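structure19.pdb, holding PDB, C-alpha atoms and all ligand atoms:
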MODEL        1
ATOM      1  CA  MET T   1       0.000   0.000   0.000
ATOM      2  CA  LYS T   2       2.806   2.335   1.024
ATOM      3  CA  SER T   3       4.744   1.654  -2.133
ATOM      4  CA  TRP T   4       1.652   2.355  -4.268
ATOM      5  CA  ILE T   5       1.220   5.760  -2.591
ATOM      6  CA  SER T   6       4.893   6.719  -2.804
ATOM      7  CA  ASN T   7       5.469   5.240  -6.252
ATOM      8  CA  TYR T   8       2.343   6.338  -8.054
ATOM      9  CA  LEU T   9       0.030   8.713  -6.181
ATOM     10  CA  LYS T  10       2.593  11.189  -4.771
ATOM     11  CA  PRO T  11       4.477  11.704  -8.065
ATOM     12  CA  LYS T  12       1.156  12.114  -9.867
ATOM     13  CA  ILE T  13      -0.024  14.848  -7.450
ATOM     14  CA  LYS T  14       3.407  16.514  -7.573
ATOM     15  CA  SER T  15       3.412  16.567 -11.389
ATOM     16  CA  LEU T  16      -0.075  18.102 -11.436
ATOM     17  CA  PHE T  17       1.082  20.956  -9.195
ATOM     18  CA  GLN T  18       4.265  21.436 -11.205
ATOM     19  CA  LYS T  19       2.263  21.562 -14.419
ATOM     20  CA  ARG T  20      -0.116  24.152 -12.999
ATOM     21  CA  SER T  21       2.699  26.396 -11.757
ATOM     22  CA  SER T  22       4.503  26.216 -15.137
ATOM     23  CA  GLU T  23       1.225  27.073 -16.905
ATOM     24  CA  ASN T  24       0.856  30.154 -14.701
ATOM     25  CA  LYS T  25       4.405  31.250 -15.503
ATOM     26  CA  GLU T  26       3.725  30.771 -19.197
ATOM     27  CA  ASN T  27       0.579  32.875 -18.975
ATOM     28  CA  LEU T  28       2.405  35.857 -17.487
ATOM     29  CA  TRP T  29       5.188  36.062 -20.066
ATOM     30  CA  THR T  30       5.469  35.993 -23.809
ATOM     31  CA  THR T  31       8.253  36.322 -26.363
ATOM     32  CA  CYS T  32       8.843  38.697 -29.245
ATOM     33  CA  GLU T  33      10.808  38.563 -32.491
ATOM     34  CA  CYS T  34      13.475  40.679 -30.712
ATOM     35  CA  LYS T  35      14.013  37.534 -28.558
ATOM     36  CA  ASN T  36      13.202  39.425 -25.358
ATOM     37  CA  LEU T  37      10.925  37.970 -22.741
ATOM     38  CA  ILE T  38       7.988  40.378 -22.375
ATOM     39  CA  TYR T  39       5.653  40.675 -19.430
ATOM     40  CA  LYS T  40       2.221  40.187 -20.982
ATOM     41  CA  GLU T  41       0.674  43.035 -19.012
ATOM     42  CA  ASP T  42       3.317  45.442 -20.386
ATOM     43  CA  LEU T  43       2.546  44.250 -23.918
ATOM     44  CA  GLN T  44      -1.215  44.661 -23.459
ATOM     45  CA  SER T  45      -0.927  48.118 -21.926
ATOM     46  CA  ASN T  46       1.168  49.146 -24.954
ATOM     47  CA  LEU T  47      -1.587  48.218 -27.497
ATOM     48  CA  ASN T  48       0.124  44.830 -28.014
ATOM     49  CA  CYS T  49       3.264  46.506 -29.363
ATOM     50  CA  CYS T  50       6.571  45.267 -27.948
ATOM     51  CA  PRO T  51       7.826  47.821 -25.369
ATOM     52  CA  LYS T  52      11.428  46.853 -26.263
ATOM     53  CA  CYS T  53      11.539  46.782 -30.103
ATOM     54  CA  GLY T  54       8.158  48.285 -31.100
ATOM     55  CA  SER T  55       7.109  45.181 -33.058
ATOM     56  CA  HIS T  56       3.335  45.130 -33.620
ATOM     57  CA  HIS T  57       1.870  41.875 -32.314
ATOM     58  CA  LYS T  58      -1.423  40.559 -33.700
ATOM     59  CA  LEU T  59      -4.712  41.580 -32.106
ATOM     60  CA  THR T  60      -7.898  39.565 -31.799
ATOM     61  CA  CYS T  61     -11.040  41.227 -33.196
ATOM     62  CA  ASN T  62     -12.251  42.181 -29.728
ATOM     63  CA  GLU T  63      -8.848  43.593 -28.729
ATOM     64  CA  ARG T  64      -8.862  45.629 -31.958
ATOM     65  CA  PHE T  65     -12.370  46.953 -31.318
ATOM     66  CA  LYS T  66     -11.577  47.769 -27.669
ATOM     67  CA  ILE T  67      -8.619  49.982 -28.557
ATOM     68  CA  PHE T  68     -10.315  51.539 -31.589
ATOM     69  CA  PHE T  69     -13.779  52.522 -30.356
ATOM     70  CA  ASP T  70     -14.333  55.358 -27.854
ATOM     71  CA  ASN T  71     -14.070  54.040 -24.277
ATOM     72  CA  GLY T  72     -13.804  50.512 -25.708
ATOM     73  CA  GLU T  73     -17.589  50.519 -26.231
ATOM     74  CA  TYR T  74     -19.058  48.866 -29.306
ATOM     75  CA  GLU T  75     -21.855  46.598 -30.466
ATOM     76  CA  LEU T  76     -21.007  43.376 -32.291
ATOM     77  CA  LEU T  77     -23.213  42.815 -35.347
ATOM     78  CA  ASP T  78     -24.487  39.347 -36.091
ATOM     79  CA  PHE T  79     -24.554  38.114 -39.669
ATOM     80  CA  PRO T  80     -25.847  34.933 -41.299
ATOM     81  CA  ILE T  81     -23.378  32.051 -41.713
ATOM     82  CA  PRO T  82     -23.804  29.968 -44.898
ATOM     83  CA  ALA T  83     -23.639  26.160 -44.876
ATOM     84  CA  GLU T  84     -20.352  25.063 -43.333
ATOM     85  CA  ASP T  85     -18.044  22.716 -45.196
ATOM     86  CA  PRO T  86     -20.027  22.766 -48.468
ATOM     87  CA  LEU T  87     -17.413  20.572 -50.196
ATOM     88  CA  GLY T  88     -16.985  17.996 -47.402
ATOM     89  CA  PHE T  89     -13.278  18.910 -47.390
ATOM     90  CA  SER T  90     -10.634  16.990 -45.538
ATOM     91  CA  ASP T  91      -6.808  17.139 -45.569
ATOM     92  CA  THR T  92      -4.769  15.995 -42.572
ATOM     93  CA  LYS T  93      -7.846  16.901 -40.554
ATOM     94  CA  LYS T  94     -11.529  17.280 -41.371
ATOM     95  CA  TYR T  95     -12.459  20.893 -42.216
ATOM     96  CA  THR T  96     -15.360  20.693 -39.739
ATOM     97  CA  ASP T  97     -12.857  19.787 -36.978
ATOM     98  CA  ARG T  98     -10.675  22.757 -37.933
ATOM     99  CA  LEU T  99     -13.756  25.007 -37.831
ATOM    100  CA  ASN T 100     -14.809  23.747 -34.398
ATOM    101  CA  GLU T 101     -11.301  24.240 -33.016
ATOM    102  CA  ALA T 102     -11.124  27.793 -34.444
ATOM    103  CA  LYS T 103     -14.538  28.654 -32.972
ATOM    104  CA  ARG T 104     -13.482  27.350 -29.560
ATOM    105  CA  LYS T 105     -10.194  29.277 -29.687
ATOM    106  CA  THR T 106     -11.680  32.620 -30.779
ATOM    107  CA  GLY T 107     -15.275  32.519 -29.504
ATOM    108  CA  GLN T 108     -16.310  33.685 -32.999
ATOM    109  CA  LYS T 109     -18.425  32.034 -35.695
ATOM    110  CA  ASP T 110     -15.963  33.113 -38.387
ATOM    111  CA  ALA T 111     -12.606  34.847 -38.850
ATOM    112  CA  VAL T 112     -14.444  38.113 -39.603
ATOM    113  CA  ALA T 113     -16.229  40.112 -36.904
ATOM    114  CA  ILE T 114     -18.230  43.281 -37.512
ATOM    115  CA  ALA T 115     -18.951  45.975 -34.941
ATOM    116  CA  THR T 116     -20.408  49.446 -34.729
ATOM    117  CA  GLY T 117     -19.703  52.306 -32.370
ATOM    118  CA  LYS T 118     -18.060  55.725 -32.248
ATOM    119  CA  ILE T 119     -14.513  56.922 -32.862
ATOM    120  CA  ASN T 120     -13.898  60.403 -31.479
ATOM    121  CA  GLY T 121     -17.676  60.890 -31.461
ATOM    122  CA  MET T 122     -18.192  59.792 -35.088
ATOM    123  CA  ASP T 123     -20.452  56.818 -35.902
ATOM    124  CA  VAL T 124     -18.599  54.134 -37.855
ATOM    125  CA  THR T 125     -18.962  50.498 -38.881
ATOM    126  CA  VAL T 126     -15.817  48.439 -38.439
ATOM    127  CA  GLY T 127     -14.719  44.963 -39.518
ATOM    128  CA  ALA T 128     -11.712  42.939 -38.404
ATOM    129  CA  GLN T 129     -10.177  39.502 -38.912
ATOM    130  CA  ASP T 130      -8.814  37.118 -36.286
ATOM    131  CA  PHE T 131      -5.678  35.337 -37.494
ATOM    132  CA  ARG T 132      -6.242  32.514 -34.993
ATOM    133  CA  PHE T 133      -9.326  31.501 -37.018
ATOM    134  CA  ILE T 134      -7.636  29.318 -39.694
ATOM    135  CA  GLY T 135      -5.086  32.034 -40.476
ATOM    136  CA  GLY T 136      -7.780  34.718 -40.808
ATOM    137  CA  SER T 137      -8.683  33.094 -44.119
ATOM    138  CA  PHE T 138     -11.579  34.654 -46.041
ATOM    139  CA  SER T 139     -14.449  32.164 -46.323
ATOM    140  CA  THR T 140     -17.982  32.337 -47.689
ATOM    141  CA  ALA T 141     -18.999  33.294 -44.122
ATOM    142  CA  SER T 142     -16.348  36.068 -44.093
ATOM    143  CA  ALA T 143     -17.847  37.407 -47.341
ATOM    144  CA  GLU T 144     -21.278  37.485 -45.673
ATOM    145  CA  GLY T 145     -19.717  39.379 -42.758
ATOM    146  CA  PHE T 146     -18.079  41.886 -45.088
ATOM    147  CA  LEU T 147     -21.328  42.409 -47.038
ATOM    148  CA  HIS T 148     -23.277  42.783 -43.796
ATOM    149  CA  GLY T 149     -20.785  45.380 -42.540
ATOM    150  CA  ALA T 150     -20.959  47.361 -45.797
ATOM    151  CA  GLN T 151     -24.775  47.188 -45.791
ATOM    152  CA  HIS T 152     -24.880  48.359 -42.161
ATOM    153  CA  ALA T 153     -22.613  51.282 -43.108
ATOM    154  CA  ILE T 154     -24.896  52.196 -46.041
ATOM    155  CA  ASP T 155     -28.103  51.888 -43.992
ATOM    156  CA  ASN T 156     -26.658  54.114 -41.260
ATOM    157  CA  LYS T 157     -24.641  56.411 -43.558
ATOM    158  CA  ASN T 158     -21.490  55.383 -41.688
ATOM    159  CA  PRO T 159     -17.953  55.183 -43.030
ATOM    160  CA  PHE T 160     -16.746  51.555 -43.234
ATOM    161  CA  ILE T 161     -13.327  50.662 -41.858
ATOM    162  CA  PHE T 162     -11.844  47.186 -42.247
ATOM    163  CA  PHE T 163      -8.743  45.809 -40.485
ATOM    164  CA  SER T 164      -7.354  42.959 -42.602
ATOM    165  CA  CYS T 165      -5.299  40.198 -40.994
ATOM    166  CA  THR T 166      -5.316  37.195 -43.279
ATOM    167  CA  GLY T 167      -3.300  34.695 -45.264
ATOM    168  CA  GLY T 168      -5.810  34.858 -48.130
ATOM    169  CA  VAL T 169      -8.895  32.898 -49.135
ATOM    170  CA  ARG T 170     -10.074  29.754 -47.280
ATOM    171  CA  VAL T 171      -8.592  26.962 -49.405
ATOM    172  CA  MET T 172     -10.947  24.407 -47.848
ATOM    173  CA  GLU T 173     -13.830  26.162 -49.633
ATOM    174  CA  ASN T 174     -12.018  26.451 -52.937
ATOM    175  CA  LEU T 175     -13.888  28.446 -55.616
ATOM    176  CA  LEU T 176     -16.717  29.291 -53.221
ATOM    177  CA  SER T 177     -14.407  31.397 -51.076
ATOM    178  CA  LEU T 178     -12.941  32.957 -54.230
ATOM    179  CA  SER T 179     -16.473  34.129 -55.101
ATOM    180  CA  GLY T 180     -16.376  35.917 -51.735
ATOM    181  CA  MET T 181     -13.640  38.152 -53.169
ATOM    182  CA  THR T 182     -16.040  39.244 -55.908
ATOM    183  CA  LYS T 183     -18.744  39.896 -53.321
ATOM    184  CA  SER T 184     -16.357  42.059 -51.303
ATOM    185  CA  VAL T 185     -15.500  44.099 -54.411
ATOM    186  CA  ILE T 186     -19.230  44.624 -55.108
ATOM    187  CA  ALA T 187     -19.721  45.714 -51.479
ATOM    188  CA  VAL T 188     -16.919  48.301 -51.798
ATOM    189  CA  ARG T 189     -18.476  49.567 -55.040
ATOM    190  CA  GLU T 190     -21.834  49.992 -53.270
ATOM    191  CA  LEU T 191     -20.141  52.043 -50.543
ATOM    192  CA  LYS T 192     -18.601  54.266 -53.212
ATOM    193  CA  LYS T 193     -21.953  54.622 -55.003
ATOM    194  CA  ASN T 194     -23.382  55.821 -51.692
ATOM    195  CA  ARG T 195     -20.441  58.220 -51.263
ATOM    196  CA  LEU T 196     -19.345  56.608 -48.048
ATOM    197  CA  PRO T 197     -15.649  56.385 -47.242
ATOM    198  CA  PHE T 198     -14.083  52.937 -47.093
ATOM    199  CA  ILE T 199     -10.817  52.902 -45.177
ATOM    200  CA  SER T 200      -8.727  49.754 -45.482
ATOM    201  CA  VAL T 201      -6.186  49.079 -42.754
ATOM    202  CA  LEU T 202      -3.773  46.295 -43.637
ATOM    203  CA  THR T 203      -2.237  44.619 -40.611
ATOM    204  CA  ASN T 204       0.334  41.842 -40.337
ATOM    205  CA  PRO T 205      -0.129  39.807 -42.485
ATOM    206  CA  THR T 206      -2.420  40.718 -45.369
ATOM    207  CA  ALA T 207      -1.889  38.343 -48.250
ATOM    208  CA  GLY T 208      -3.312  36.376 -51.178
ATOM    209  CA  GLY T 209      -6.767  37.053 -52.602
ATOM    210  CA  CYS T 210      -7.570  39.555 -49.833
ATOM    211  CA  THR T 211      -4.721  41.818 -50.999
ATOM    212  CA  ALA T 212      -6.032  41.330 -54.537
ATOM    213  CA  SER T 213      -9.557  42.477 -53.610
ATOM    214  CA  TYR T 214     -11.137  44.548 -50.811
ATOM    215  CA  ALA T 215      -7.933  45.171 -48.819
ATOM    216  CA  THR T 216      -6.454  47.345 -51.568
ATOM    217  CA  LEU T 217      -9.709  49.016 -52.638
ATOM    218  CA  GLY T 218      -9.952  51.520 -49.800
ATOM    219  CA  ASP T 219     -10.275  55.231 -50.507
ATOM    220  CA  VAL T 220      -7.213  55.403 -48.292
ATOM    221  CA  LEU T 221      -4.863  52.448 -47.758
ATOM    222  CA  ILE T 222      -3.214  52.411 -44.359
ATOM    223  CA  ALA T 223      -0.873  49.702 -43.110
ATOM    224  CA  GLU T 224       0.492  49.049 -39.672
ATOM    225  CA  LYS T 225       4.223  49.469 -39.210
ATOM    226  CA  GLY T 226       6.217  46.387 -40.211
ATOM    227  CA  ALA T 227       3.208  44.459 -41.580
ATOM    228  CA  ILE T 228       3.756  41.924 -44.350
ATOM    229  CA  ILE T 229       1.643  42.905 -47.367
ATOM    230  CA  ALA T 230       1.827  40.388 -50.174
ATOM    231  CA  PHE T 231      -0.003  38.493 -52.860
ATOM    232  CA  ALA T 232       2.291  35.466 -53.094
ATOM    233  CA  GLY T 233       4.664  34.957 -50.174
ATOM    234  CA  ALA T 234       8.392  35.721 -50.345
ATOM    235  CA  ARG T 235       9.337  32.010 -50.303
ATOM    236  CA  VAL T 236       7.086  31.241 -53.306
ATOM    237  CA  ILE T 237       8.536  34.213 -55.233
ATOM    238  CA  SER T 238      12.065  33.215 -54.292
ATOM    239  CA  ASN T 239      11.449  29.643 -55.500
ATOM    240  CA  THR T 240       9.811  30.836 -58.726
ATOM    241  CA  LEU T 241      12.683  33.230 -59.488
ATOM    242  CA  LYS T 242      15.175  30.601 -58.331
ATOM    243  CA  SER T 243      16.917  33.407 -56.447
ATOM    244  CA  ASN T 244      17.451  34.328 -52.817
ATOM    245  CA  ASP T 245      18.245  37.877 -53.797
ATOM    246  CA  LEU T 246      15.105  39.541 -52.436
ATOM    247  CA  PRO T 247      15.509  42.806 -50.468
ATOM    248  CA  MET T 248      15.687  42.469 -46.683
ATOM    249  CA  ASP T 249      12.485  44.442 -46.188
ATOM    250  CA  PHE T 250      10.677  42.812 -49.152
ATOM    251  CA  GLN T 251       6.863  42.972 -48.726
ATOM    252  CA  LYS T 252       7.128  44.927 -45.468
ATOM    253  CA  SER T 253       4.576  47.777 -45.349
ATOM    254  CA  GLU T 254       7.334  50.454 -45.521
ATOM    255  CA  TRP T 255       8.739  48.797 -48.680
ATOM    256  CA  VAL T 256       5.252  48.496 -50.214
ATOM    257  CA  GLN T 257       4.608  52.198 -49.506
ATOM    258  CA  GLU T 258       7.934  53.178 -51.090
ATOM    259  CA  HIS T 259       6.835  51.272 -54.210
ATOM    260  CA  GLY T 260       3.467  53.029 -54.400
ATOM    261  CA  GLY T 261       1.218  50.326 -52.954
ATOM    262  CA  LEU T 262       0.073  52.162 -49.818
ATOM    263  CA  ASP T 263      -0.877  55.679 -48.793
ATOM    264  CA  LEU T 264       0.226  55.570 -45.171
ATOM    265  CA  VAL T 265       2.226  53.362 -42.836
ATOM    266  CA  LEU T 266       1.395  54.122 -39.240
ATOM    267  CA  GLU T 267       2.195  52.980 -35.749
ATOM    268  CA  ARG T 268      -0.838  51.412 -34.107
ATOM    269  CA  LYS T 269      -1.146  54.259 -31.588
ATOM    270  CA  TYR T 270      -1.738  56.804 -34.389
ATOM    271  CA  ILE T 271      -4.306  54.836 -36.403
ATOM    272  CA  LYS T 272      -7.467  56.031 -34.643
ATOM    273  CA  SER T 273      -6.528  59.723 -34.684
ATOM    274  CA  SER T 274      -5.341  59.542 -38.318
ATOM    275  CA  ILE T 275      -8.543  57.827 -39.471
ATOM    276  CA  THR T 276     -10.620  60.438 -37.620
ATOM    277  CA  THR T 277      -8.785  63.248 -39.429
ATOM    278  CA  LEU T 278      -9.141  61.480 -42.786
ATOM    279  CA  LEU T 279     -12.841  60.846 -42.277
ATOM    280  CA  ASN T 280     -13.424  64.482 -41.360
ATOM    281  CA  VAL T 281     -11.802  65.504 -44.630
ATOM    282  CA  LEU T 282     -13.533  62.819 -46.722
ATOM    283  CA  LEU T 283     -16.973  63.399 -45.231
ATOM    284  CA  LYS T 284     -16.655  67.157 -45.617
ATOM    285  CA  LYS T 285     -15.629  66.606 -49.227
ATOM    286  CA  ALA T 286     -18.625  64.332 -49.784
ATOM    287  CA  GLU T 287     -20.862  66.943 -48.135
ATOM    288  CA  THR T 288     -19.479  69.702 -50.376
ATOM    289  CA  GLN T 289     -20.067  67.482 -53.384
ATOM    290  CA  VAL T 290     -23.655  66.830 -52.309
ATOM    291  CA  ASN T 291     -24.177  70.569 -51.691
ATOM    292  CA  THR T 292     -22.776  71.378 -55.128
ATOM    293  CA  ASP T 293     -25.205  68.918 -56.635
ATOM    294  CA  ALA T 294     -28.046  70.399 -54.566
ATOM    295  CA  THR T 295     -27.099  73.908 -55.797
ATOM    296  CA  ASN T 296     -27.141  72.596 -59.331
ATOM    297  CA  VAL T 297     -30.555  71.066 -58.741
ATOM    298  CA  VAL T 298     -31.837  74.441 -57.399
ATOM    299  CA  ALA T 299     -30.239  76.269 -60.350
ATOM    300  CA  ILE T 300     -31.853  73.864 -62.825
ATOM    301  CA  ASP T 301     -35.146  74.202 -60.984
ATOM    302  CA  GLU T 302     -34.970  78.043 -61.062
ATOM    303  CA  GLY T 303     -34.089  77.907 -64.744
ATOM    304  CA  LEU T 304     -37.114  75.759 -65.454
ATOM    305  CA  GLN T 305     -39.399  78.086 -63.486
ATOM    306  CA  LYS T 306     -38.119  81.123 -65.435
ATOM    307  CA  SER T 307     -38.672  79.313 -68.729
ATOM    308  CA  PHE T 308     -42.159  78.326 -67.607
ATOM    309  CA  LYS T 309     -42.984  81.956 -66.651
ATOM    310  CA  SER T 310     -41.709  83.272 -70.011
ATOM    311  CA  VAL T 311     -43.836  80.717 -71.875
ATOM    312  CA  ARG T 312     -46.945  81.730 -69.886
ATOM    313  CA  SER T 313     -46.368  85.480 -70.398
TER     314      SER T 313
HETATM  315 ZN    ZN S 401      10.254  42.996 -29.363
ENDMDL
END
What's the C-alpha cells form of this structure?
Ligand SMILES: [Zn+2]
Amino acid sequence: MKSWISNYLKPKIKSLFQKRSSENKENLWTTCECKNLIYKEDLQSNLNCCPKCGSHHKLTCNERFKIFFDNGEYELLDFPIPAEDPLGFSDTKKYTDRLNEAKRKTGQKDAVAIATGKINGMDVTVGAQDFRFIGGSFSTASAEGFLHGAQHAIDNKNPFIFFSCTGGVRVMENLLSLSGMTKSVIAVRELKKNRLPFISVLTNPTAGGCTASYATLGDVLIAEKGAIIAFAGARVISNTLKSNDLPMDFQKSEWVQEHGGLDLVLERKYIKSSITTLLNVLLKKAETQVNTDATNVVAIDEGLQKSFKSVRS
C-alpha cells in the first residue's frame, strides 16, 4: 500500500502541481521577435506593441475593437453564416474539426467580426479579422460578414473601416471562397456609389486574394508598421525566381509604400486619430459634393421656373 502511494500517487499529485505552476508562468510572459521575454501586461498596456523593439503583435477582433472605439464601447453585429463545409473537405484533418477548433479558440463564428460604435464621437462600422481563425482566411462566411458590414454602413450612412489580418482565401472552400472576393469588391463599389468612405487598414499579415480584392480598394490604404503585405509569399517568389536575392524588407509595409502600394504606414497608436482626421476631410468633401449637386438642382429648378414663366407670359 505504502509503495503504491509513494510510487504512483505522490508523483502524480506533484506533477499536477508542477504543471499548474509552469502554466501560470507561461501565462504571465510571452516572447517577441526581438528575442526578449515580455511581461504580458506590459505588452497589453502598450496596445500589443513590444515595449522593447516596437514590433506590432497581432490583435484579436475584440482587442482591436476595444482599442479603436471610444471608451472601448461597441456593439457586435451578427450576420448569417452559410452552410459550413459545403465541399466535405478533408486534408490531414476534417475541415469541420478545424472550424470547431477555431470557434473554440476565438469565440467567434468566423474569422471576420463586424462591430459598430463611435470613434472620437463619429459613428462608424468596423470589420476585423482574427488570425487565430484558420489564419484569418476569407471564407464564404467572411464574405457574408463583409457584405453585412458594408450594408450596415450604407443603412446608417457610416464610413466603413476594415482591419485585414489574413493569409488569403479559405482553401478548404475552394472556388466558393474565391467568389467571396467578388462579393467584397461589389460591397466596396456599393459604398462608393453611396459616397461613403471605405478605409482599409492592412495589418500583419495581409496576403493572397484579400490583398487582390477589398484590402487594396480603400479610398485610403493604411498599413500598420512592419506588416507583411503580399499576394504570393516571399518564399514562393524566391522559388519561382530561383533566387534568394530579395531585399531584406521585401513585402514589409514600408517597402510596399515606397513602391506606391500604400498611402500611409502608421504605428498602431496613431491609427485612430489619423482615421478620424481622414474621415473628417472625406466626409466634408462628400458633403461639399452633395451641396454642389443640390445647388445645381436648385439652379436647374430656377431655370425651369423662369422658362415656364416666359412661356406663360
Ligand atoms: Zn520585441
Go through the shown structure with the PyMOL selection byres (((not hetatm)) within 12 of (chain S and resi 401)) and write out the matching residues as a list in words. Thr30, Thr31, Cys32, Glu33, Cys34, Lys35, Asn36, Leu37, Ile38, Tyr39, Lys40, Asp42, Leu43, Asn46, Asn48, Cys49, Cys50, Pro51, Lys52, Cys53, Gly54, Ser55, His56 and His57 of chain T
The PyMOL selection byres (((chain T and resi 90-99) around 9) and not hetatm) resolved against shown file, as a ChimeraX atom specification: /T:84-85,87-89,100-104,109-110,133-134,172
Can you spit out the residues from that selection as a short mmCIF file (atom, residue, chain, number, x, y, z; two decimals), in the frame of the given file, using C-alpha atoms?
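Generated file (part.cif):
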data_model
loop_
_atom_site.label_atom_id
_atom_site.label_comp_id
_atom_site.auth_asym_id
_atom_site.auth_seq_id
_atom_site.Cartn_x
_atom_site.Cartn_y
_atom_site.Cartn_z
CA GLU T 84 -20.35 25.06 -43.33
CA ASP T 85 -18.04 22.72 -45.20
CA LEU T 87 -17.41 20.57 -50.20
CA GLY T 88 -16.98 18.00 -47.40
CA PHE T 89 -13.28 18.91 -47.39
CA ASN T 100 -14.81 23.75 -34.40
CA GLU T 101 -11.30 24.24 -33.02
CA ALA T 102 -11.12 27.79 -34.44
CA LYS T 103 -14.54 28.65 -32.97
CA ARG T 104 -13.48 27.35 -29.56
CA LYS T 109 -18.42 32.03 -35.70
CA ASP T 110 -15.96 33.11 -38.39
CA PHE T 133 -9.33 31.50 -37.02
CA ILE T 134 -7.64 29.32 -39.69
CA MET T 172 -10.95 24.41 -47.85
#
CA of Leu47 in chain T and CA of Arg64 in chain T are how many Å apart? 8.9 Å
Taken to one decimal, the CA of Ser177 in chain T-CA of Gly233 in chain T distance is 19.4 Å
Using the chain letters and numbers from this file, what does the PyMOL selection byres (((chain T and resi 225) around 7) and not hetatm) select? Give the answer as a list in words.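 Taken on the displayed file, the PyMOL selection byres (((chain T and resi 225) around 7) and not hetatm) yields the residues Ala223, Glu224, Gly226, Ala227, Ser253, Val265, Leu266 and Glu267 of chain T.
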Between T:Asn71, T:Ser45, T:Thr206, T:Thr116, single out the one closest to Ser137 in chain T, counting all atoms listed in the file.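 Smallest distance to Ser137 in chain T is found for T:Thr206.
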Output, as AutoDock Vina command-line options, the centre and edge lengths in Å (one decimal) of the axis-aligned box that contains all listed atoms of range 57-74 of chain T with 5 Å of margin on each side.
--center_x -8.6 --center_y 47.5 --center_z -29.0 --size_x 30.9 --size_y 25.8 --size_z 19.4
If we count all atoms listed in the file, what is near Asp219 in chain T at a cut-off of 12 Å, once residues fewer than 6 positions away on the same chain are taken out, given as a list in words? Pro159, Phe160, Ile161, Phe162, Val188, Arg189, Leu191, Lys192, Arg195, Leu196, Pro197, Phe198, Ile199, Ser200, Val201, Leu262, Asp263, Leu264, Ile275, Leu278, Leu279, Val281, Leu282 and Leu283 of chain T
Give me the residues within 8 Å of Gly167 in chain T as an MDAnalysis selection string, counting all atoms listed in the file and dropping any in the same chain fewer than 4 places off. chainID T and resid 135:137 205:208 210
Separating CA of Val185 in chain T from CA of Ser142 in chain T, to the nearest tenth of an Å, is a gap of 13.1 Å
